[in-house]
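Undergrad: Next comes the structure file final35.txt, holding compact mmCIF, C-alpha atoms.
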```txt
# COMPACT_ATOMS: atom_id res chain seq x y z
CA MET A 1 89.21 67.63 94.23
CA PHE A 2 91.55 70.59 94.41
CA GLN A 3 92.51 72.34 91.22
CA ARG A 4 94.93 75.20 90.74
CA LEU A 5 93.65 77.76 88.29
CA MET A 6 96.22 80.52 88.58
CA ASN A 7 95.93 81.27 84.87
CA LYS A 8 92.23 82.05 85.37
CA ILE A 9 92.94 85.25 87.29
CA PRO A 10 91.92 88.09 84.93
CA ILE A 11 95.17 89.90 84.29
CA ALA A 12 95.13 90.98 80.65
CA ASP A 13 95.09 94.73 80.11
CA ALA A 14 94.14 95.31 83.75
CA PRO A 15 96.10 97.05 86.50
CA VAL A 16 97.37 94.79 89.26
CA PHE A 17 96.27 95.67 92.76
CA ASN A 18 97.84 94.35 95.95
CA ALA A 19 96.40 93.98 99.44
CA ILE A 20 97.21 95.00 102.99
CA THR A 21 95.68 92.60 105.50
CA VAL A 22 95.62 92.88 109.28
CA ASP A 23 95.15 90.08 111.80
CA VAL A 24 93.28 91.94 114.54
CA GLU A 25 94.35 90.33 117.80
CA GLU A 26 96.09 91.35 121.01
CA TRP A 27 99.80 91.05 121.74
CA PHE A 28 99.14 88.04 123.99
CA HIS A 29 97.29 86.00 121.36
CA VAL A 30 100.04 83.47 120.65
CA CYS A 31 99.26 79.90 119.60
CA GLY A 32 100.80 77.20 121.77
CA VAL A 33 101.43 79.38 124.84
CA ASP A 34 99.47 78.11 127.84
CA GLY A 35 98.74 79.66 131.19
CA ILE A 36 97.82 83.11 129.91
CA GLU A 37 94.97 84.97 131.62
CA PRO A 38 93.82 87.54 129.04
CA LEU A 39 91.68 89.43 131.56
CA SER A 40 94.81 90.28 133.53
CA CYS A 41 96.75 91.54 130.48
CA ALA A 42 96.92 95.16 129.37
CA ARG A 43 94.95 95.85 126.21
CA ARG A 44 96.84 97.64 123.45
CA VAL A 45 95.04 96.76 120.24
CA ARG A 46 92.83 99.86 120.06
CA GLY A 47 95.64 102.41 119.93
CA ASN A 48 97.61 100.41 117.37
CA VAL A 49 94.59 99.91 115.12
CA GLU A 50 93.73 103.62 115.31
CA ARG A 51 97.26 104.49 114.26
CA LEU A 52 97.01 102.18 111.26
CA LEU A 53 93.60 103.52 110.28
CA ALA A 54 94.97 107.05 110.25
CA VAL A 55 97.72 106.07 107.81
CA LEU A 56 95.28 104.26 105.54
CA ASP A 57 92.92 107.22 105.63
CA ALA A 58 95.73 109.57 104.65
CA GLY A 59 96.44 107.44 101.58
CA LYS A 60 92.73 106.92 100.83
CA LEU A 61 93.34 103.18 100.87
CA LYS A 62 91.25 100.26 102.09
CA ALA A 63 92.53 97.10 103.77
CA THR A 64 91.16 93.74 104.89
CA PHE A 65 90.99 93.20 108.66
CA PHE A 66 90.79 89.58 109.83
CA VAL A 67 89.17 90.02 113.24
CA LEU A 68 89.37 87.52 116.08
CA GLY A 69 85.85 86.81 117.31
CA SER A 70 86.69 86.86 121.02
CA LEU A 71 88.44 90.21 120.59
CA ALA A 72 85.43 91.61 118.71
CA ALA A 73 83.24 90.57 121.63
CA ASP A 74 85.56 92.32 124.11
CA GLU A 75 86.38 95.37 121.95
CA PRO A 76 83.28 96.04 119.81
CA GLY A 77 84.24 99.68 119.33
CA VAL A 78 87.44 98.69 117.52
CA VAL A 79 85.52 96.63 114.97
CA ALA A 80 82.85 99.29 114.51
CA GLU A 81 85.52 101.92 113.85
CA ILE A 82 87.29 99.76 111.26
CA ALA A 83 84.00 99.17 109.44
CA ALA A 84 83.02 102.84 109.68
CA ARG A 85 86.20 103.76 107.79
CA GLY A 86 85.09 101.52 104.90
CA HIS A 87 87.51 98.63 105.37
CA GLU A 88 86.66 94.98 104.86
CA ILE A 89 85.96 92.92 107.97
CA ALA A 90 86.87 89.23 107.64
CA SER A 91 87.11 86.34 110.12
CA HIS A 92 90.15 85.18 112.06
CA GLY A 93 88.20 82.53 113.96
CA TYR A 94 86.98 82.95 117.54
CA SER A 95 89.46 81.57 120.06
CA HIS A 96 92.78 81.86 118.19
CA SER A 97 93.03 78.06 118.16
CA LEU A 98 94.98 76.15 115.54
CA VAL A 99 92.57 74.62 113.04
CA GLY A 100 94.28 71.25 113.51
CA SER A 101 93.26 71.27 117.17
CA LEU A 102 89.56 71.57 116.25
CA ASP A 103 87.22 68.90 114.95
CA PRO A 104 84.79 69.85 112.16
CA ALA A 105 81.97 70.70 114.55
CA ALA A 106 84.20 72.98 116.63
CA PHE A 107 85.60 74.66 113.53
CA ARG A 108 82.10 75.37 112.24
CA ASP A 109 81.10 76.71 115.65
CA GLU A 110 84.10 79.08 115.68
CA LEU A 111 83.14 80.37 112.23
CA ARG A 112 79.51 80.92 113.16
CA ARG A 113 80.21 82.57 116.52
CA THR A 114 82.62 85.00 114.92
CA ALA A 115 80.37 85.69 111.92
CA ASP A 116 77.40 86.39 114.21
CA ILE A 117 79.41 88.90 116.25
CA LEU A 118 80.87 90.63 113.20
CA GLU A 119 77.48 90.83 111.48
CA HIS A 120 75.96 92.33 114.62
CA LEU A 121 78.68 94.99 114.75
CA THR A 122 78.95 95.80 111.03
CA GLY A 123 75.72 94.64 109.40
CA ARG A 124 77.57 92.19 107.13
CA ARG A 125 78.72 88.62 107.50
CA PRO A 126 82.39 88.04 106.63
CA GLU A 127 83.28 86.53 103.27
CA GLY A 128 86.96 85.85 104.00
CA PHE A 129 88.82 83.73 106.54
CA ARG A 130 92.36 83.43 107.82
CA ALA A 131 93.39 80.72 110.25
CA PRO A 132 95.55 81.58 113.28
CA GLN A 133 99.23 80.84 112.59
CA TRP A 134 98.50 79.73 109.00
CA SER A 135 97.15 76.47 110.43
CA LEU A 136 94.87 75.47 107.56
CA SER A 137 96.13 73.04 104.92
CA HIS A 138 94.27 72.21 101.73
CA ALA A 139 96.10 68.86 101.58
CA ARG A 140 95.56 67.77 105.20
CA MET A 141 92.20 69.37 106.02
CA PRO A 142 89.91 69.29 102.98
CA TRP A 143 86.88 69.13 105.29
CA ALA A 144 87.63 72.67 106.51
CA PHE A 145 87.22 74.08 103.01
CA ASP A 146 83.90 72.27 102.65
CA ILE A 147 82.74 73.99 105.83
CA LEU A 148 83.99 77.39 104.69
CA ILE A 149 82.06 77.00 101.42
CA GLU A 150 78.93 75.85 103.24
CA GLU A 151 79.14 78.85 105.58
CA GLY A 152 79.24 81.25 102.65
CA TYR A 153 82.93 82.16 102.50
CA ARG A 154 84.25 83.27 99.12
CA TYR A 155 87.96 83.16 99.92
CA ASP A 156 90.55 81.90 102.37
CA SER A 157 93.99 83.36 103.07
CA SER A 158 95.55 80.73 105.32
CA CYS A 159 97.87 78.62 103.15
CA ASN A 160 101.33 80.10 103.55
CA PRO A 161 103.97 78.69 101.13
CA LEU A 162 106.59 78.42 103.88
CA PRO A 163 108.20 75.50 105.71
CA PHE A 164 107.14 74.72 109.29
CA VAL A 165 104.04 76.97 109.29
CA GLY A 166 102.72 76.06 105.85
CA ASP A 167 103.53 74.14 102.69
CA ARG A 168 106.96 74.99 101.28
CA ALA A 169 105.82 73.74 97.87
CA GLY A 170 102.54 75.64 97.99
CA SER A 171 101.44 78.16 95.38
CA ARG A 172 102.72 81.74 95.68
CA THR A 173 99.78 83.10 93.70
CA PRO A 174 95.99 82.86 94.18
CA TRP A 175 94.20 79.75 93.02
CA ARG A 176 90.71 78.35 93.11
CA ILE A 177 89.84 75.32 95.22
CA ARG A 178 87.09 73.27 93.63
CA ARG A 179 85.02 71.08 95.95
CA ASP A 180 81.79 69.16 95.45
CA ARG A 181 80.01 71.81 97.51
CA GLY A 182 81.35 74.70 95.45
CA ASP A 183 84.46 76.80 94.91
CA ILE A 184 86.57 79.04 97.11
CA TRP A 185 89.61 81.18 96.32
CA GLU A 186 92.87 80.61 98.18
CA ILE A 187 94.98 83.79 98.45
CA PRO A 188 98.44 83.18 99.96
CA PRO A 189 100.59 85.89 101.55
CA LEU A 190 103.69 87.29 99.88
CA VAL A 191 106.92 85.28 100.16
CA THR A 192 110.24 85.73 98.37
CA PRO A 193 111.79 82.69 96.66
CA SER A 194 115.48 82.08 97.36
CA LEU A 195 118.08 79.31 97.25
CA LEU A 196 117.10 78.54 100.84
CA GLY A 197 113.43 78.30 99.98
CA ASN A 198 110.65 80.84 100.33
CA LEU A 199 111.37 83.68 102.76
CA PRO A 200 108.62 85.29 104.90
CA THR A 201 108.89 88.82 103.52
CA GLY A 202 105.16 89.60 103.41
CA GLY A 203 104.62 90.21 107.10
CA GLY A 204 105.60 89.43 110.66
CA TRP A 205 109.25 89.46 111.61
CA GLY A 206 110.37 89.01 107.99
CA PHE A 207 108.71 92.22 106.82
CA ARG A 208 110.84 94.19 109.29
CA PHE A 209 114.00 92.08 108.97
CA PHE A 210 114.73 91.51 105.27
CA PRO A 211 115.95 94.36 103.02
CA PHE A 212 113.15 96.57 101.76
CA ARG A 213 114.52 96.35 98.23
CA MET A 214 114.04 92.57 98.34
CA ILE A 215 110.41 93.03 99.32
CA GLU A 216 109.87 95.70 96.68
CA ASN A 217 111.43 93.55 93.95
CA THR A 218 109.23 90.61 94.93
CA VAL A 219 106.11 92.75 94.57
CA CYS A 220 107.26 94.00 91.18
CA SER A 221 107.96 90.45 90.03
CA LEU A 222 104.51 89.22 91.04
CA ASN A 223 102.75 92.24 89.56
CA SER A 224 104.62 91.91 86.28
CA GLY A 225 103.18 88.42 85.99
CA GLY A 226 99.69 89.66 86.78
CA ALA A 227 99.55 88.36 90.37
CA PRO A 228 98.88 90.38 93.53
CA ALA A 229 101.16 90.72 96.55
CA VAL A 230 99.36 90.18 99.85
CA PHE A 231 100.90 91.69 102.99
CA PHE A 232 99.87 90.95 106.55
CA LEU A 233 100.31 92.83 109.81
CA HIS A 234 99.44 92.39 113.46
CA PRO A 235 98.66 95.50 115.54
CA ARG A 236 101.54 94.60 117.86
CA GLU A 237 104.00 95.17 114.98
CA LEU A 238 103.22 98.88 115.23
CA ASP A 239 104.06 98.76 118.95
CA PRO A 240 107.74 97.77 119.22
CA ALA A 241 108.00 98.88 122.85
CA GLY A 242 104.94 96.86 123.85
CA PRO A 243 104.91 93.88 126.23
CA ARG A 244 105.84 90.36 125.17
CA LEU A 245 105.04 86.99 126.62
CA PRO A 246 107.96 85.11 128.19
CA MET A 247 109.35 82.44 125.85
CA SER A 248 112.66 81.36 124.35
CA ARG A 249 114.58 84.03 122.43
CA PHE A 250 114.08 82.19 119.15
CA ARG A 251 110.33 81.79 119.68
CA GLU A 252 110.03 85.40 120.80
CA PHE A 253 111.70 86.59 117.60
CA VAL A 254 109.47 84.40 115.42
CA VAL A 255 106.31 85.58 117.20
CA TYR A 256 107.12 89.25 117.78
CA GLY A 257 110.06 89.98 115.49
CA PRO A 258 112.66 92.70 116.00
CA ARG A 259 111.74 95.70 118.12
CA LYS A 260 111.28 97.83 115.05
CA ASP A 261 108.13 99.70 114.05
CA ALA A 262 106.60 98.32 110.83
CA MET A 263 104.95 101.66 110.01
CA GLU A 264 107.86 103.20 108.11
CA ARG A 265 108.05 100.28 105.68
CA LEU A 266 104.30 100.10 105.40
CA SER A 267 104.10 103.77 104.49
CA ARG A 268 106.70 103.28 101.76
CA LEU A 269 104.70 100.42 100.29
CA LEU A 270 101.46 102.39 100.37
CA SER A 271 103.06 105.20 98.38
CA ARG A 272 104.72 102.84 95.90
CA PHE A 273 101.98 100.34 94.93
CA ARG A 274 98.22 100.13 94.46
CA PHE A 275 96.03 98.38 97.03
CA ILE A 276 92.46 97.16 97.40
CA THR A 277 90.75 94.70 99.77
CA LEU A 278 90.81 90.95 99.25
CA GLY A 279 87.04 91.01 98.91
CA GLU A 280 87.33 93.47 96.03
CA MET A 281 89.97 91.27 94.40
CA VAL A 282 87.74 88.23 94.51
CA ALA A 283 84.78 90.23 93.20
CA ASN A 284 86.90 91.41 90.27
CA TRP A 285 87.98 87.87 89.45
CA GLY A 286 84.42 86.63 89.65
CA SER A 287 83.11 89.28 87.28
CA ALA A 288 85.74 88.75 84.58
```
Could you rewrite the structure in this file as structure tokens?
TA:
Amino acid sequence: MFQRLMNKIPIADAPVFNAITVDVEEWFHVCGVDGIEPLSCARRVRGNVERLLAVLDAGKLKATFFVLGSLAADEPGVVAEIAARGHEIASHGYSHSLVGSLDPAAFRDELRRTADILEHLTGRRPEGFRAPQWSLSHARMPWAFDILIEEGYRYDSSCNPLPFVGDRAGSRTPWRIRRDRGDIWEIPPLVTPSLLGNLPTGGGWGFRFFPFRMIENTVCSLNSGGAPAVFFLHPRELDPAGPRLPMSRFREFVVYGPRKDAMERLSRLLSRFRFITLGEMVANWGSA
């Protein structure tokens, strides 16, 4: 069964650290868009990742990079450079497919293919997973968490407490999922509660759209209660002038957001709060 153990996070007399996470994929990796030939598309991920690494280096900060397996196979140098800078490498699956479109065997295969590639490039198998487009649900897909536990994963960061792409009633703070095969931590991304429901302030279009003070206040509120704030970025969000796939204006905004560079806001966050990797967070919780 699933059990929420938010009060088990060790928070007493300990500083609260937050996390910057990056979904390492190309600008054309969009779920639900058919007819794309990746080999014919310009590659832009390397330059955007290098720009982000430089900012993290300047602040002497480490982040968690959820790497798409197919991208790692095509761009091994990008993954090797991230690992060489001391950042955590985690799994984003292989094909950027929604978990709901995969059966258990296919999901396990995606995990293993990606883990094999990442271990070959970095010397370590990933311990964290994030599903493309937040497409993993602890209520609807319990079998997926069994597979993650069996494959050696210590945490997941896929359950977004938002409507449409997640569970609007889901937890805003980390919790432990207990299964017969073992335990795994669920670490949701930052959202801001409002009268309209939770707002997507932790990444994507919302991170660049909503007032920075709102985002900052949400972090302070979580930290004051002993919980971390988890932010997420895509390399394309540092590339506002980059190409976009043709789609409706609404879908384009949801996928790509406003043509505004996320770096300025990211830099302000890095100077304002403390950050570690998700793997370090989980290790700290496990040792308390």
Undergrad: Select, from A:Thr173, A:Gln133, A:Ser91, A:Ser224, the residue with the minimum atom-to-atom distance to Trp185 (chain A), counting all atoms listed in the file.
TA: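 That would be A:Thr173, the residue with the smallest distance to Trp185 (chain A).
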Undergrad: Which distance in Å separates CA of Phe65 (chain A) and CA of Thr201 (chain A), to one decimal?
TA: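 Taking CA of Phe65 (chain A) as the start and CA of Thr201 (chain A) as the end point, the length is 19.1 Å.
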Undergrad: Pick from A:Ala106, A:Leu98, A:Leu196, A:Ala72: nearest to Leu136 (chain A), with only C-alpha atoms counted?
TA: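 Of the candidates, the smallest distance to Leu136 (chain A) is held by A:Leu98.
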Undergrad: Report, in Å with one decimal, the straight-line distance from CA of Gly86 (chain A) to CA of Lys60 (chain A).
TA: 10.2 Å
Undergrad: Using only C-alpha atoms, pick whichever of A:Leu245, A:Leu195, A:Leu266, A:Ala131 has the shortest atom-to-atom distance to Arg208 (chain A).
TA: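 Nearest to Arg208 (chain A): A:Leu266.
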Undergrad: Which residue gives the smallest distance to Val165 (chain A) among A:Val255, A:Val79, A:Val55, A:Val67, with only C-alpha atoms counted?
TA: A:Val255
Undergrad: Compare A:Ala227, A:Leu269, A:Ser137, A:Gly197 by their minimum atom-to-atom distance to Gly59 (chain A), counting all atoms listed in the file, and give me the closest one.
TA: A:Leu269
Undergrad: Measuring atom to atom with all atoms listed in the file, identify which of A:Val16, A:Val22, A:Ala80, A:Ile147 is nearest to Ala105 (chain A).
TA: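 Once distances to Ala105 (chain A) are computed over all atoms listed in the file, the minimum belongs to A:Ile147.
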Undergrad: Please report the interatomic distance between CA of Tyr94 (chain A) and CA of Arg154 (chain A) in Å with one decimal.
TA: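 Taking CA of Tyr94 (chain A) as the start and CA of Arg154 (chain A) as the end point, the length is 18.6 Å.
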Undergrad: Tell me, as a list of chain:residue names, which residues lie within 6 Å of Leu68 (chain A), counting only C-alpha atoms; anything in the same chain fewer than 6 positions away does not count.
TA: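 These residues fall inside the cut-off: A:Glu25, A:His92, A:Gly93, A:Tyr94.
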Undergrad: Around the point (87.5, 74.6, 94.6), in the coordinates given by the file, pick out the residues reaching within 12 Å, counting only C-alpha atoms, and return them as a PyMOL selection string.
TA: chain A and resi 1-5+138+142+145-146+148-149+153-156+174-186
Undergrad: Would you pick out the contacts of Ser95 (chain A) at 7 Å or less, using only C-alpha atoms, so that residues sharing its chain but fewer than 2 positions from it are not included, and give the list as an MDAnalysis selection string?
TA: chainID A and resid 69:70 93 97
Undergrad: Could you give me, as a ChimeraX atom specification, the residues within 8 Å of Gly204 (chain A), counting only C-alpha atoms and dropping anything in the same chain fewer than 2 positions from it?
TA: /A:200-202,206-208,232-234,237,254-257
Undergrad: How would region 260-271 of chain A look with all heavy atoms restored, written as a short mmCIF file (atom, residue, chain, number, x, y, z; two decimals), in the frame of the given file?
TA:
```cif
data_model
loop_
_atom_site.label_atom_id
_atom_site.label_comp_id
_atom_site.auth_asym_id
_atom_site.auth_seq_id
_atom_site.Cartn_x
_atom_site.Cartn_y
_atom_site.Cartn_z
N LYS A 260 111.21 96.81 116.08
CA LYS A 260 111.28 97.83 115.05
C LYS A 260 109.88 98.07 114.55
O LYS A 260 109.14 97.13 114.23
CB LYS A 260 112.19 97.36 113.91
CG LYS A 260 112.35 98.34 112.76
CD LYS A 260 113.28 97.75 111.71
CE LYS A 260 113.45 98.69 110.53
NZ LYS A 260 114.32 98.11 109.48
N ASP A 261 109.47 99.33 114.47
CA ASP A 261 108.13 99.70 114.05
C ASP A 261 107.95 99.37 112.56
O ASP A 261 108.77 99.76 111.72
CB ASP A 261 107.93 101.19 114.29
CG ASP A 261 106.47 101.61 114.19
OD1 ASP A 261 105.70 100.92 113.51
OD2 ASP A 261 106.12 102.65 114.76
N ALA A 262 106.87 98.68 112.22
CA ALA A 262 106.60 98.32 110.83
C ALA A 262 106.02 99.49 110.03
O ALA A 262 105.92 99.39 108.80
CB ALA A 262 105.63 97.14 110.77
N MET A 263 105.67 100.59 110.69
CA MET A 263 104.95 101.66 110.01
C MET A 263 105.76 102.31 108.91
O MET A 263 105.22 102.66 107.85
CB MET A 263 104.51 102.71 111.03
CG MET A 263 103.62 103.79 110.42
SD MET A 263 102.07 103.10 109.75
CE MET A 263 101.13 102.90 111.26
N GLU A 264 107.06 102.51 109.12
CA GLU A 264 107.86 103.20 108.11
C GLU A 264 107.86 102.41 106.80
O GLU A 264 107.66 102.97 105.72
CB GLU A 264 109.29 103.39 108.63
CG GLU A 264 110.18 104.22 107.71
CD GLU A 264 110.92 103.39 106.66
OE1 GLU A 264 111.11 102.17 106.92
OE2 GLU A 264 111.28 103.94 105.60
N ARG A 265 108.06 101.10 106.89
CA ARG A 265 108.05 100.28 105.68
C ARG A 265 106.66 100.22 105.07
O ARG A 265 106.50 100.25 103.85
CB ARG A 265 108.56 98.88 106.00
CG ARG A 265 110.05 98.84 106.25
CD ARG A 265 110.58 97.43 106.24
NE ARG A 265 112.03 97.45 106.16
CZ ARG A 265 112.79 96.41 105.89
NH1 ARG A 265 112.22 95.23 105.67
NH2 ARG A 265 114.09 96.51 105.84
N LEU A 266 105.67 100.12 105.90
CA LEU A 266 104.30 100.10 105.40
C LEU A 266 103.98 101.37 104.63
O LEU A 266 103.41 101.32 103.53
CB LEU A 266 103.32 99.91 106.55
CG LEU A 266 101.85 99.95 106.18
CD1 LEU A 266 101.50 98.81 105.22
CD2 LEU A 266 100.98 99.88 107.43
N SER A 267 104.37 102.50 105.17
CA SER A 267 104.10 103.77 104.49
C SER A 267 104.79 103.84 103.13
O SER A 267 104.23 104.35 102.16
CB SER A 267 104.56 104.93 105.37
OG SER A 267 103.84 104.97 106.59
N ARG A 268 106.00 103.31 103.05
CA ARG A 268 106.70 103.28 101.76
C ARG A 268 105.96 102.42 100.75
O ARG A 268 105.84 102.78 99.57
CB ARG A 268 108.13 102.79 101.96
CG ARG A 268 109.02 103.77 102.72
CD ARG A 268 110.35 103.16 103.10
NE ARG A 268 111.18 102.85 101.93
CZ ARG A 268 112.37 102.24 102.02
NH1 ARG A 268 112.83 101.86 103.23
NH2 ARG A 268 113.09 102.01 100.93
N LEU A 269 105.45 101.28 101.19
CA LEU A 269 104.70 100.42 100.29
C LEU A 269 103.43 101.10 99.80
O LEU A 269 103.07 101.03 98.62
CB LEU A 269 104.33 99.12 101.00
CG LEU A 269 105.41 98.06 101.17
CD1 LEU A 269 104.87 96.91 102.00
CD2 LEU A 269 105.90 97.55 99.82
N LEU A 270 102.73 101.76 100.72
CA LEU A 270 101.46 102.39 100.37
C LEU A 270 101.65 103.49 99.33
O LEU A 270 100.75 103.75 98.52
CB LEU A 270 100.79 102.96 101.62
CG LEU A 270 100.36 101.93 102.67
CD1 LEU A 270 99.70 102.63 103.85
CD2 LEU A 270 99.45 100.87 102.09
N SER A 271 102.80 104.14 99.36
CA SER A 271 103.06 105.20 98.38
C SER A 271 103.60 104.66 97.06
O SER A 271 103.59 105.36 96.05
CB SER A 271 104.06 106.21 98.96
OG SER A 271 105.33 105.61 99.17
#
```
